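Here's coords22.cif, which has mmCIF, C-alpha atoms:
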```
data_protein
#
loop_
_atom_site.label_atom_id
_atom_site.label_comp_id
_atom_site.auth_asym_id
_atom_site.auth_seq_id
_atom_site.Cartn_x
_atom_site.Cartn_y
_atom_site.Cartn_z
CA MET A 26 29.38 72.30 -33.06
CA ILE A 27 32.88 70.97 -33.53
CA ASP A 28 33.42 67.62 -31.85
CA VAL A 29 35.85 67.90 -28.94
CA LYS A 30 37.14 65.60 -26.23
CA LYS A 31 34.60 65.30 -23.43
CA ILE A 32 36.17 66.03 -20.06
CA ARG A 33 34.52 64.19 -17.18
CA LEU A 34 34.03 66.17 -13.98
CA LYS A 35 32.02 64.81 -11.10
CA ASN A 36 28.66 63.76 -12.61
CA PHE A 37 28.85 65.72 -15.87
CA GLU A 38 30.98 66.31 -18.94
CA ILE A 39 32.55 69.54 -20.16
CA GLY A 40 32.26 69.49 -23.92
CA GLY A 41 29.07 67.44 -23.85
CA ASP A 42 25.47 68.34 -24.59
CA LYS A 43 25.00 70.77 -21.69
CA LEU A 44 26.44 74.21 -21.14
CA THR A 45 29.02 74.42 -18.34
CA ILE A 46 29.55 77.61 -16.34
CA LEU A 47 32.57 78.39 -14.16
CA ALA A 48 31.64 81.31 -11.95
CA GLY A 49 32.36 83.03 -8.64
CA PRO A 50 34.20 86.00 -7.14
CA CYS A 51 37.53 87.18 -8.54
CA ALA A 52 39.75 86.97 -5.46
CA ILE A 53 38.60 85.41 -2.20
CA GLU A 54 37.52 88.20 0.15
CA THR A 55 35.35 86.62 2.85
CA TYR A 56 33.75 83.23 3.27
CA ASP A 57 30.31 84.84 3.52
CA CYS A 58 30.75 86.41 0.08
CA MET A 59 31.84 83.09 -1.41
CA ALA A 60 28.96 81.21 0.19
CA ARG A 61 26.39 83.74 -0.96
CA VAL A 62 27.55 83.42 -4.56
CA ALA A 63 27.90 79.62 -4.46
CA GLU A 64 24.44 79.10 -2.97
CA LYS A 65 22.74 81.35 -5.51
CA LEU A 66 24.58 80.12 -8.58
CA LYS A 67 24.16 76.47 -7.67
CA SER A 68 20.41 77.02 -7.32
CA VAL A 69 20.22 78.92 -10.61
CA THR A 70 22.26 76.44 -12.62
CA GLU A 71 20.41 73.42 -11.23
CA ALA A 72 17.08 75.00 -12.20
CA LEU A 73 18.38 75.79 -15.70
CA GLY A 74 20.03 72.42 -16.31
CA ILE A 75 23.53 73.93 -16.53
CA ASN A 76 26.72 72.28 -15.24
CA TYR A 77 28.31 74.45 -12.53
CA VAL A 78 31.84 74.88 -11.20
CA PHE A 79 32.56 77.40 -8.42
CA LYS A 80 35.46 79.76 -9.13
CA ALA A 81 37.54 81.94 -6.80
CA SER A 82 41.26 82.74 -6.54
CA TYR A 83 43.21 82.40 -3.32
CA ASP A 84 45.92 84.61 -4.83
CA LYS A 85 45.91 87.00 -7.80
CA ALA A 86 49.64 87.35 -8.30
CA ASN A 87 49.51 89.52 -11.42
CA ARG A 88 48.22 92.74 -9.83
CA SER A 89 48.93 96.08 -11.49
CA THR A 90 50.65 97.45 -8.37
CA ILE A 91 52.51 95.94 -5.46
CA ASP A 92 49.75 96.87 -3.02
CA GLY A 93 46.85 95.61 -5.15
CA TYR A 94 44.51 93.18 -3.37
CA ARG A 95 45.58 89.59 -4.06
CA GLY A 96 43.34 87.42 -1.87
CA LEU A 97 43.75 85.51 1.38
CA GLY A 98 46.73 83.38 0.40
CA ILE A 99 47.05 79.69 -0.33
CA ASP A 100 46.37 78.22 3.12
CA LYS A 101 43.27 80.19 4.10
CA GLY A 102 42.12 80.34 0.48
CA LEU A 103 42.20 76.58 -0.01
CA GLU A 104 40.53 76.10 3.36
CA TYR A 105 37.63 78.26 2.21
CA LEU A 106 37.45 76.64 -1.22
CA ASN A 107 37.30 73.20 0.36
CA LYS A 108 34.55 74.38 2.69
CA ILE A 109 32.53 75.66 -0.29
CA LYS A 110 33.11 72.37 -2.08
CA GLN A 111 31.82 70.36 0.86
CA GLU A 112 28.99 72.65 1.99
CA PHE A 113 27.46 73.15 -1.44
CA ASP A 114 28.58 69.93 -3.14
CA VAL A 115 30.11 71.72 -6.13
CA PRO A 116 33.42 71.24 -7.93
CA VAL A 117 35.84 74.16 -7.70
CA VAL A 118 38.44 75.82 -9.92
CA THR A 119 41.26 78.11 -8.84
CA ASP A 120 44.49 79.53 -10.26
CA VAL A 121 47.98 78.28 -9.56
CA HIS A 122 50.99 80.54 -10.10
CA LEU A 123 53.96 78.50 -8.91
CA PRO A 124 54.99 74.93 -9.84
CA GLN A 125 55.62 74.06 -6.20
CA ASP A 126 52.01 74.93 -5.31
CA ALA A 127 50.34 72.72 -7.90
CA GLN A 128 50.02 69.56 -5.83
CA LYS A 129 48.71 71.40 -2.79
CA VAL A 130 46.11 73.19 -4.92
CA ALA A 131 45.09 69.89 -6.53
CA GLU A 132 44.19 68.46 -3.13
CA VAL A 133 41.17 70.79 -3.22
CA ALA A 134 40.63 72.01 -6.77
CA ASP A 135 38.87 69.88 -9.37
CA ILE A 136 40.20 72.14 -12.13
CA VAL A 137 43.65 73.69 -11.89
CA GLN A 138 43.73 76.93 -13.83
CA ILE A 139 46.78 78.42 -15.51
CA PRO A 140 46.59 82.24 -15.62
CA ALA A 141 46.82 83.87 -19.04
CA PHE A 142 50.09 85.68 -18.34
CA LEU A 143 51.68 82.36 -17.27
CA CYS A 144 50.29 80.12 -20.00
CA ARG A 145 53.67 79.43 -21.62
CA GLN A 146 55.51 78.63 -18.38
CA THR A 147 56.65 75.06 -19.02
CA ASP A 148 57.49 74.15 -15.42
CA LEU A 149 54.07 75.37 -14.26
CA LEU A 150 52.19 73.45 -16.96
CA VAL A 151 54.15 70.26 -16.28
CA ALA A 152 53.63 70.49 -12.51
CA ALA A 153 49.92 71.12 -12.99
CA ALA A 154 49.63 68.25 -15.45
CA LYS A 155 51.22 65.82 -13.03
CA THR A 156 48.45 66.42 -10.49
CA GLY A 157 46.11 64.49 -12.77
CA LYS A 158 43.43 67.17 -12.44
CA ILE A 159 41.69 68.96 -15.30
CA ILE A 160 43.99 71.75 -16.50
CA ASN A 161 42.37 74.93 -17.78
CA ILE A 162 44.90 76.94 -19.79
CA LYS A 163 43.84 80.54 -20.23
CA LYS A 164 45.08 81.85 -23.56
CA GLY A 165 47.50 84.70 -23.12
CA GLN A 166 46.49 88.11 -24.43
CA PHE A 167 49.60 87.88 -26.62
CA LEU A 168 48.84 84.54 -28.33
CA ALA A 169 47.02 83.46 -31.45
CA PRO A 170 44.61 80.55 -30.94
CA GLN A 171 46.74 78.18 -33.04
CA GLN A 172 49.58 78.58 -30.55
CA MET A 173 47.59 76.79 -27.87
CA GLU A 174 48.44 73.46 -29.46
CA ALA A 175 52.01 73.62 -28.17
CA LEU A 176 50.78 74.41 -24.67
CA ALA A 177 48.38 71.48 -24.69
CA LYS A 178 51.27 69.21 -25.66
CA LYS A 179 53.19 70.29 -22.58
CA VAL A 180 50.30 68.94 -20.53
CA THR A 181 49.51 65.81 -22.54
CA GLU A 182 53.15 64.81 -22.89
CA SER A 183 53.36 65.04 -19.11
CA GLY A 184 50.71 62.34 -18.89
CA ASN A 185 47.46 64.31 -18.62
CA GLU A 186 44.84 64.40 -21.39
CA ASN A 187 42.31 66.52 -19.46
CA VAL A 188 42.81 69.92 -21.05
CA LEU A 189 40.57 72.96 -21.42
CA PHE A 190 41.36 76.17 -23.29
CA THR A 191 39.98 79.56 -22.25
CA GLU A 192 39.62 82.58 -24.52
CA ARG A 193 39.81 85.91 -22.65
CA GLY A 194 40.52 88.56 -25.24
CA VAL A 195 43.62 89.76 -27.05
CA SER A 196 45.62 92.96 -26.50
CA PHE A 197 44.63 95.57 -29.07
CA GLY A 198 46.32 98.94 -28.99
CA TYR A 199 46.61 100.65 -25.64
CA ASN A 200 44.39 99.80 -22.63
CA ASN A 201 41.99 97.60 -24.52
CA LEU A 202 41.18 93.98 -25.32
CA VAL A 203 39.21 92.56 -28.22
CA THR A 204 37.79 89.09 -28.74
CA ASP A 205 37.97 87.35 -32.08
CA MET A 206 35.20 84.74 -31.94
CA ARG A 207 37.01 82.73 -34.64
CA SER A 208 39.40 81.68 -31.88
CA ILE A 209 36.69 79.44 -30.42
CA PRO A 210 36.36 77.03 -33.36
CA ILE A 211 40.09 77.32 -34.10
CA MET A 212 40.96 76.07 -30.61
CA GLN A 213 38.19 73.46 -30.71
CA MET A 214 39.76 72.05 -33.87
CA LEU A 215 42.76 71.19 -31.70
CA GLY A 216 40.44 68.70 -30.00
CA TYR A 217 39.71 70.23 -26.60
CA PRO A 218 36.70 71.99 -25.06
CA VAL A 219 36.85 75.77 -25.10
CA VAL A 220 35.73 78.11 -22.32
CA PHE A 221 34.96 81.78 -22.93
CA ASP A 222 35.86 84.21 -20.13
CA ALA A 223 33.22 86.89 -20.54
CA THR A 224 34.33 89.12 -17.69
CA HIS A 225 38.10 89.32 -18.19
CA SER A 226 37.43 89.98 -21.87
CA VAL A 227 35.91 93.36 -21.00
CA GLN A 228 38.94 94.48 -19.00
CA MET A 229 40.66 97.73 -19.96
CA PRO A 230 44.18 97.32 -18.56
CA GLY A 231 45.67 100.37 -16.92
CA THR A 232 42.70 102.67 -17.44
CA ASN A 233 42.23 103.24 -13.70
CA GLY A 234 45.62 104.83 -13.28
CA CYS A 235 47.75 101.99 -11.94
CA ALA A 236 44.87 99.51 -11.91
CA THR A 237 42.91 97.58 -14.50
CA GLY A 238 39.57 99.03 -15.50
CA GLY A 239 36.74 97.47 -17.46
CA ASP A 240 33.19 97.87 -18.68
CA ARG A 241 30.72 95.23 -17.49
CA ARG A 242 28.04 96.49 -19.89
CA TRP A 243 29.60 94.33 -22.59
CA VAL A 244 29.72 91.07 -20.62
CA PRO A 245 26.28 89.87 -21.86
CA VAL A 246 27.10 90.82 -25.46
CA LEU A 247 30.32 88.83 -25.50
CA ALA A 248 28.90 85.87 -23.57
CA LYS A 249 25.97 85.47 -25.96
CA SER A 250 28.25 85.88 -28.96
CA ALA A 251 30.61 83.18 -27.71
CA VAL A 252 27.76 80.72 -27.16
CA ALA A 253 26.46 81.46 -30.65
CA ALA A 254 29.98 80.72 -31.94
CA GLY A 255 29.74 77.26 -30.36
CA VAL A 256 31.73 77.56 -27.15
CA ASN A 257 31.52 74.64 -24.69
CA ALA A 258 31.62 76.58 -21.43
CA LEU A 259 31.48 80.09 -20.02
CA PHE A 260 33.51 81.73 -17.27
CA PHE A 261 32.21 84.65 -15.23
CA GLU A 262 33.52 86.49 -12.22
CA VAL A 263 30.42 87.21 -10.13
CA HIS A 264 30.04 89.32 -7.00
CA PRO A 265 27.05 90.39 -4.88
CA GLU A 266 28.22 94.01 -5.04
CA PRO A 267 30.76 94.38 -7.86
CA GLU A 268 31.33 98.08 -7.19
CA LYS A 269 32.67 97.18 -3.74
CA ALA A 270 34.80 94.24 -4.88
CA LEU A 271 38.46 94.40 -3.89
CA CYS A 272 39.68 93.50 -7.38
CA ASP A 273 38.23 93.47 -10.93
CA ALA A 274 35.33 95.59 -9.71
CA ASP A 275 34.67 97.19 -13.11
CA ASN A 276 34.21 94.00 -15.10
CA MET A 277 32.53 91.55 -12.71
CA LEU A 278 28.93 90.45 -13.25
CA SER A 279 26.47 91.34 -10.52
CA LEU A 280 24.96 88.34 -8.75
CA LYS A 281 21.46 89.71 -9.33
CA ASP A 282 22.00 89.69 -13.10
CA ALA A 283 23.41 86.17 -13.34
CA GLU A 284 20.18 84.17 -13.61
CA ASN A 285 18.78 86.06 -16.60
CA LEU A 286 22.07 85.98 -18.51
CA PHE A 287 22.66 82.30 -17.74
CA LYS A 288 19.17 81.46 -19.03
CA ILE A 289 19.70 83.31 -22.30
CA CYS A 290 23.09 81.67 -22.80
CA ARG A 291 21.61 78.22 -22.10
CA ASP A 292 18.88 78.82 -24.67
CA ILE A 293 21.38 79.92 -27.32
CA PHE A 294 23.60 76.93 -26.48
CA ASN A 295 20.69 74.51 -26.93
CA LEU A 296 19.61 76.17 -30.17
CA VAL A 297 23.11 76.00 -31.65
CA ARG A 298 23.49 72.36 -30.63
CA ASP A 299 20.07 71.37 -31.97
CA LYS A 300 20.80 72.94 -35.36
CA GLN A 301 24.08 71.12 -35.94
#
```

Structure encoded using structure tokens:
Amino acid sequence: MIDVKKIRLKNFEIGGDKLTILAGPCAIETYDCMARVAEKLKSVTEALGINYVFKASYDKANRSTIDGYRGLGIDKGLEYLNKIKQEFDVPVVTDVHLPQDAQKVAEVADIVQIPAFLCRQTDLLVAAAKTGKIINIKKGQFLAPQQMEALAKKVTESGNENVLFTERGVSFGYNNLVTDMRSIPIMQMLGYPVVFDATHSVQMPGTNGCATGGDRRWVPVLAKSAVAAGVNALFFEVHPEPEKALCDADNMLSLKDAENLFKICRDIFNLVRDKQ
């Protein structure tokens, strides 16, 4: 594996000798749904020796249509995220879309995530950086991996060295994404840990009429491939009943399938690390 900066979070390191998984529902729907996922995934990851960060978005601002489900909003969303953080003793990650929201989000979130479509927004990156939290920059579907270096500099030159990159597929023709696994070592050579988003990478934008489609069958294939390529962390959107989810229903991983996939990914991660 390529040596990268180790990012300290709580009692573990992202980029160290253990796999890290960021996982949870797409948009916040109900607290019961969040709690069900957090409880199960914390139990699974503890048993498997995997670092765990709970993920959910209080707002998904980049919906395909104006009436697409976005979440519960920043106030209720952060309230729920903080409750998950305290009740289950897990760090949390969530998206921020506006510079003026960064500090408020950072009062709860351990990792502030920059959505892929907003990854080049200088004011947003600078505001996020100034919170002092770990900043996870999701690589835009329109960027080559080498271009992430300039985005990292916007964060580091604002006084924050705690940077993660996330690969989530690249636009390829109409209504499709592909993942070039070379992007993982290319971004790691810039010095920062790399996360692979296995669920957004199977999206098929616009295939459900005015909504994004996807094909969750390929989530395990891509996740295992990314770990074999040496990725430092994995990102999954997970739901107890994906078919009933209010957004990203077609590409989310079912909660019942998480344990088996996480175990396989952990085993591949350990094998790759042991053979270096």

Give me, as JSON lines, each residue of segment 194-214 of chain A that comes within 12 Å of segment 247-250 of chain A, together with its shortest interatomic pair and the distance in Å at one decimal, counting only C-alpha atoms, with rows ordered by chain and rising residue number.
```
{"residue": "A:Gly194", "atom": "CA", "partner": "A:Leu247", "partner_atom": "CA", "distance": 10.2}
{"residue": "A:Val203", "atom": "CA", "partner": "A:Leu247", "partner_atom": "CA", "distance": 10.0}
{"residue": "A:Thr204", "atom": "CA", "partner": "A:Leu247", "partner_atom": "CA", "distance": 8.1}
{"residue": "A:Asp205", "atom": "CA", "partner": "A:Leu247", "partner_atom": "CA", "distance": 10.2}
{"residue": "A:Met206", "atom": "CA", "partner": "A:Ser250", "partner_atom": "CA", "distance": 7.6}
{"residue": "A:Arg207", "atom": "CA", "partner": "A:Ser250", "partner_atom": "CA", "distance": 10.9}
{"residue": "A:Ile209", "atom": "CA", "partner": "A:Ser250", "partner_atom": "CA", "distance": 10.7}
```

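The smallest atom-to-atom distance between Asn161 of chain A and any of A:Pro140, A:Gly74, A:Gly96, A:Pro210, using only C-alpha atoms, is found for A:Pro140.
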
Skipping near chain neighbours, those fewer than 4 positions away, what residues fall within 7 Å of segment 101-110 of chain A using only C-alpha atoms, listed as a PyMOL selection string?
chain A and resi 53+56+60+83+97+114-117+133

Report as a PyMOL selection string the full result of the PyMOL selection byres ((chain A and resi 80) around 9) when it is applied to this structure.
chain A and resi 47-51+63+78-79+81-82+106+116-119+260-262

Got a sec to resolve the PyMOL selection byres ((chain A and resi 239-242) around 7) on this structure and send the residues as a ChimeraX atom specification?
/A:227-229,237-238,243-244,275-278

Limited to C-alpha atoms, could you put the picked residues into a file as a PDB file, keeping the file's coordinate frame?
```pdb
ATOM      1  CA  VAL A 227      35.910  93.360 -21.000  1.00  0.00           C
ATOM      2  CA  GLN A 228      38.940  94.480 -19.000  1.00  0.00           C
ATOM      3  CA  MET A 229      40.660  97.730 -19.960  1.00  0.00           C
ATOM      4  CA  THR A 237      42.910  97.580 -14.500  1.00  0.00           C
ATOM      5  CA  GLY A 238      39.570  99.030 -15.500  1.00  0.00           C
ATOM      6  CA  TRP A 243      29.600  94.330 -22.590  1.00  0.00           C
ATOM      7  CA  VAL A 244      29.720  91.070 -20.620  1.00  0.00           C
ATOM      8  CA  ASP A 275      34.670  97.190 -13.110  1.00  0.00           C
ATOM      9  CA  ASN A 276      34.210  94.000 -15.100  1.00  0.00           C
ATOM     10  CA  MET A 277      32.530  91.550 -12.710  1.00  0.00           C
ATOM     11  CA  LEU A 278      28.930  90.450 -13.250  1.00  0.00           C
TER      12      LEU A 278
END
```

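Atom CA of Asp28 of chain A to atom CA of Val121 of chain A spans 28.7 Å [interatomic distance, one decimal].
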
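Distances from A:Thr181, A:Ile27, A:Ser68, A:Ile46 to Ala223 of chain A were compared using only C-alpha atoms, and the smallest one belongs to A:Ile46.
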
Expansion of the PyMOL selection byres ((chain A and resi 141) around 12) into residues, as a PyMOL selection string
chain A and resi 85-87+120-122+138-140+142-146+150+161-168+173+176+190-196+222+225-226

Generate a file of the selected residues that holds C-alpha atoms, formatted as a short mmCIF file (atom, residue, chain, number, x, y, z; two decimals), keeping the file's coordinate frame.
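New file result-v1.cif:
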```cif
data_model
loop_
_atom_site.label_atom_id
_atom_site.label_comp_id
_atom_site.auth_asym_id
_atom_site.auth_seq_id
_atom_site.Cartn_x
_atom_site.Cartn_y
_atom_site.Cartn_z
CA LYS A 85 45.91 87.00 -7.80
CA ALA A 86 49.64 87.35 -8.30
CA ASN A 87 49.51 89.52 -11.42
CA ASP A 120 44.49 79.53 -10.26
CA VAL A 121 47.98 78.28 -9.56
CA HIS A 122 50.99 80.54 -10.10
CA GLN A 138 43.73 76.93 -13.83
CA ILE A 139 46.78 78.42 -15.51
CA PRO A 140 46.59 82.24 -15.62
CA PHE A 142 50.09 85.68 -18.34
CA LEU A 143 51.68 82.36 -17.27
CA CYS A 144 50.29 80.12 -20.00
CA ARG A 145 53.67 79.43 -21.62
CA GLN A 146 55.51 78.63 -18.38
CA LEU A 150 52.19 73.45 -16.96
CA ASN A 161 42.37 74.93 -17.78
CA ILE A 162 44.90 76.94 -19.79
CA LYS A 163 43.84 80.54 -20.23
CA LYS A 164 45.08 81.85 -23.56
CA GLY A 165 47.50 84.70 -23.12
CA GLN A 166 46.49 88.11 -24.43
CA PHE A 167 49.60 87.88 -26.62
CA LEU A 168 48.84 84.54 -28.33
CA MET A 173 47.59 76.79 -27.87
CA LEU A 176 50.78 74.41 -24.67
CA PHE A 190 41.36 76.17 -23.29
CA THR A 191 39.98 79.56 -22.25
CA GLU A 192 39.62 82.58 -24.52
CA ARG A 193 39.81 85.91 -22.65
CA GLY A 194 40.52 88.56 -25.24
CA VAL A 195 43.62 89.76 -27.05
CA SER A 196 45.62 92.96 -26.50
CA ASP A 222 35.86 84.21 -20.13
CA HIS A 225 38.10 89.32 -18.19
CA SER A 226 37.43 89.98 -21.87
#
```

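For the pair atom CA of Leu123 of chain A and atom CA of Leu149 of chain A, the interatomic distance is 6.2 Å.
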